[in-house]
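Down below is the structure, laid out as structure tokens.
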Amino acid sequence: MARANPDPVLPDLLIPGLDVVFCGTAPGAVSAARGAYYAHPQNKFWRALYAAGLTPRLLSPPEFTLLPAFGIGLTDIAKHVWGMDKDLPSQSLGRAAIEALCARIANVRPR
């Protein structure tokens, strides 16, 4: 079940000049509990980044803050809830959330 949080569940990892920004819908339960993006042990995100040559070594979820050094940013559409996409409140992925996402990304102007 999705849970609401007054603060962002995970911080945006957005700085000016990024080469790529990966955007999820909302953190899953494991990521929210561990305070790290793509933290579920079965998630292949970190292995895919390394296999694609986007990182010089295989990173682990707690190392997500290192990604901007490699030109990679992370964010989510829904910043204040976590859980399975099907359980998220509809407004958490609605027009206001999309507009806020677009503004956050435009503010850092990725390449």
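Chains: A, B, ... in order of the structure tokens. Residues: from 1 per chain. Ligands: from 1, in order shown.
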TODO: Based on DSSP run over this structure's backbone, return all residues of chain A in strand (DSSP E or B), as a ChimeraX atom specification.
DONE: /A:3-4,13,20-24,72-76,81-82
Task: Secondary structure check, alpha helix (DSSP H) residues of chain A, as a ChimeraX atom specification - done: /A:29-34,45-51,95-108
Task: Selected residue, from A:Val81, A:Ala48, A:Leu54, A:Ser31, that lies nearest to Pro68 (chain A) when counting only C-alpha atoms - done: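 Result for the nearest residue to Pro68 (chain A): A:Leu54.
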Open item on the list: Using only C-alpha atoms, which protein or nucleic acid residues come within 8 Å of Arg111 (chain A)? Drop anything in the same chain fewer than 2 positions from it, and give the result as number ranges by chain.
Closed with: A: 17-20, 109
TODO: For CA of Lys86 (chain A) and CA of Gly24 (chain A), determine how far apart the two atoms are, in Å to one decimal place.
DONE: 13.7 Å
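Across A:Leu49, A:Leu93, A:Ala106, A:Leu66, the tightest approach to Leu13 (chain A) is made by A:Leu66 when counting only C-alpha atoms.
Neighbouring residues of Phe64 (chain A) at 10 Å or closer, counting only C-alpha atoms and skipping chain neighbours under 4 positions away, are Leu13, Gly35, Ala36, Tyr37, Tyr38, Ala39, Trp46, Leu59, Ser60, Pro68, Ile72, Gly73 and Leu74 of chain A.
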Those selected residues, please, written with N, CA and C atoms and delivered as a compact mmCIF listing (two decimals), in the first residue's frame.
```
# COMPACT_ATOMS: atom_id res chain seq x y z
N LEU A 13 18.10 13.81 -7.30
CA LEU A 13 19.52 13.84 -7.59
C LEU A 13 19.65 14.59 -8.92
N GLY A 35 15.99 4.06 2.06
CA GLY A 35 16.40 5.43 1.73
C GLY A 35 17.34 5.50 0.55
N ALA A 36 17.13 4.61 -0.43
CA ALA A 36 18.00 4.56 -1.60
C ALA A 36 17.19 4.16 -2.83
N TYR A 37 17.52 4.76 -3.95
CA TYR A 37 16.86 4.44 -5.21
C TYR A 37 17.15 3.01 -5.64
N TYR A 38 16.14 2.35 -6.22
CA TYR A 38 16.28 1.02 -6.84
C TYR A 38 16.98 0.04 -5.90
N ALA A 39 16.50 -0.03 -4.65
CA ALA A 39 17.17 -0.81 -3.61
C ALA A 39 16.68 -2.25 -3.49
N TRP A 46 21.03 -1.07 -11.23
CA TRP A 46 22.46 -0.81 -11.01
C TRP A 46 23.33 -1.66 -11.93
N LEU A 59 27.74 -0.11 -8.94
CA LEU A 59 27.40 0.61 -7.71
C LEU A 59 26.29 -0.13 -6.98
N SER A 60 26.18 0.13 -5.69
CA SER A 60 25.09 -0.42 -4.91
C SER A 60 24.10 0.70 -4.59
N PRO A 68 25.68 11.75 -9.92
CA PRO A 68 25.93 12.99 -10.65
C PRO A 68 27.37 13.12 -11.16
N ILE A 72 24.71 11.43 -14.29
CA ILE A 72 23.41 10.76 -14.16
C ILE A 72 22.62 11.37 -13.01
N GLY A 73 21.35 11.66 -13.27
CA GLY A 73 20.45 12.15 -12.24
C GLY A 73 19.31 11.19 -12.01
N LEU A 74 18.67 11.33 -10.85
CA LEU A 74 17.53 10.48 -10.49
C LEU A 74 16.42 11.34 -9.89
```
Open item on the list: If I take CA of Asp7 (chain A) and CA of Pro61 (chain A), how far is one from the other in Å, to one decimal?
Closed with: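 CA of Pro61 (chain A) lies at a distance of 20.2 Å from CA of Asp7 (chain A).
Counting only C-alpha atoms and comparing A:Phe22, A:Ile77, A:Thr55, A:Val9, the residue that lies closest to Cys102 (chain A) is A:Ile77.
Each of A:Leu67, A:Ala51, A:Leu10, A:Ile15 was checked against Ala33 (chain A) using only C-alpha atoms; the smallest atom-to-atom distance is that of A:Leu10.
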Open item on the list: At a cut-off of 10 Å, using only C-alpha atoms, what residues contact Thr75 (chain A)? Leave out same-chain residues fewer than 3 positions from it and give the result as a ChimeraX atom specification.
Closed with: /A:10-14,21-27,37,78-79,101,104-105
Write the selection just made, keeping N, CA and C atoms, as a short mmCIF file (atom, residue, chain, number, x, y, z; two decimals), in the first residue's frame?
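What follows is the written file again.cif:
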```cif
data_model
loop_
_atom_site.label_atom_id
_atom_site.label_comp_id
_atom_site.auth_asym_id
_atom_site.auth_seq_id
_atom_site.Cartn_x
_atom_site.Cartn_y
_atom_site.Cartn_z
N LEU A 10 12.55 10.14 -1.30
CA LEU A 10 13.94 10.13 -1.71
C LEU A 10 14.27 11.49 -2.30
N PRO A 11 15.46 12.01 -2.03
CA PRO A 11 15.81 13.33 -2.58
C PRO A 11 16.04 13.25 -4.08
N ASP A 12 15.71 14.32 -4.76
CA ASP A 12 16.09 14.41 -6.18
C ASP A 12 17.60 14.42 -6.27
N LEU A 13 18.10 13.81 -7.30
CA LEU A 13 19.52 13.84 -7.59
C LEU A 13 19.65 14.59 -8.92
N LEU A 14 19.45 15.89 -8.85
CA LEU A 14 19.41 16.74 -10.04
C LEU A 14 20.36 17.91 -9.86
N VAL A 21 18.75 11.79 -17.11
CA VAL A 21 18.00 11.76 -15.86
C VAL A 21 17.04 10.58 -15.96
N PHE A 22 17.13 9.68 -14.99
CA PHE A 22 16.20 8.56 -14.91
C PHE A 22 15.09 8.96 -13.96
N CYS A 23 13.86 8.72 -14.39
CA CYS A 23 12.69 9.12 -13.61
C CYS A 23 11.79 7.92 -13.38
N GLY A 24 11.57 7.61 -12.11
CA GLY A 24 10.63 6.56 -11.76
C GLY A 24 9.28 7.16 -11.43
N THR A 25 8.31 6.31 -11.16
CA THR A 25 7.00 6.81 -10.76
C THR A 25 7.03 7.21 -9.29
N ALA A 26 7.46 6.28 -8.42
CA ALA A 26 7.59 6.52 -6.98
C ALA A 26 8.47 5.41 -6.42
N PRO A 27 9.14 5.66 -5.30
CA PRO A 27 9.95 4.60 -4.71
C PRO A 27 9.08 3.42 -4.28
N TYR A 37 17.52 4.76 -3.95
CA TYR A 37 16.86 4.44 -5.21
C TYR A 37 17.15 3.01 -5.64
N ALA A 78 6.21 10.99 -8.34
CA ALA A 78 5.59 11.17 -7.03
C ALA A 78 6.69 11.26 -5.98
N LYS A 79 6.82 12.38 -5.34
CA LYS A 79 7.91 12.60 -4.38
C LYS A 79 7.52 12.33 -2.93
N LEU A 101 7.45 17.86 -11.87
CA LEU A 101 8.59 17.12 -12.42
C LEU A 101 9.24 17.89 -13.55
N ARG A 104 11.21 20.78 -12.19
CA ARG A 104 12.46 20.38 -11.53
C ARG A 104 13.54 20.05 -12.56
N ILE A 105 13.15 19.35 -13.60
CA ILE A 105 14.13 18.96 -14.63
C ILE A 105 14.56 20.19 -15.45
#
```
Task: Counting only C-alpha atoms, the residue of A:Ala29, A:Ala69, A:Glu99, A:Lys44 that sits nearest Asp87 (chain A) - done: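 Closest to Asp87 (chain A) of all the choices is A:Ala29.
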Task: Separation of CA of Trp82 (chain A) from CA of Phe45 (chain A) in Å - done: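 According to the coordinates, CA of Phe45 (chain A) and CA of Trp82 (chain A) are separated by 17.9 Å.
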Task: Using only C-alpha atoms: which of A:Pro16, A:Arg34, A:Ala52, A:Pro8 has the shortest distance to Gly71 (chain A) - done: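 Smallest distance to Gly71 (chain A) is found for A:Pro16.
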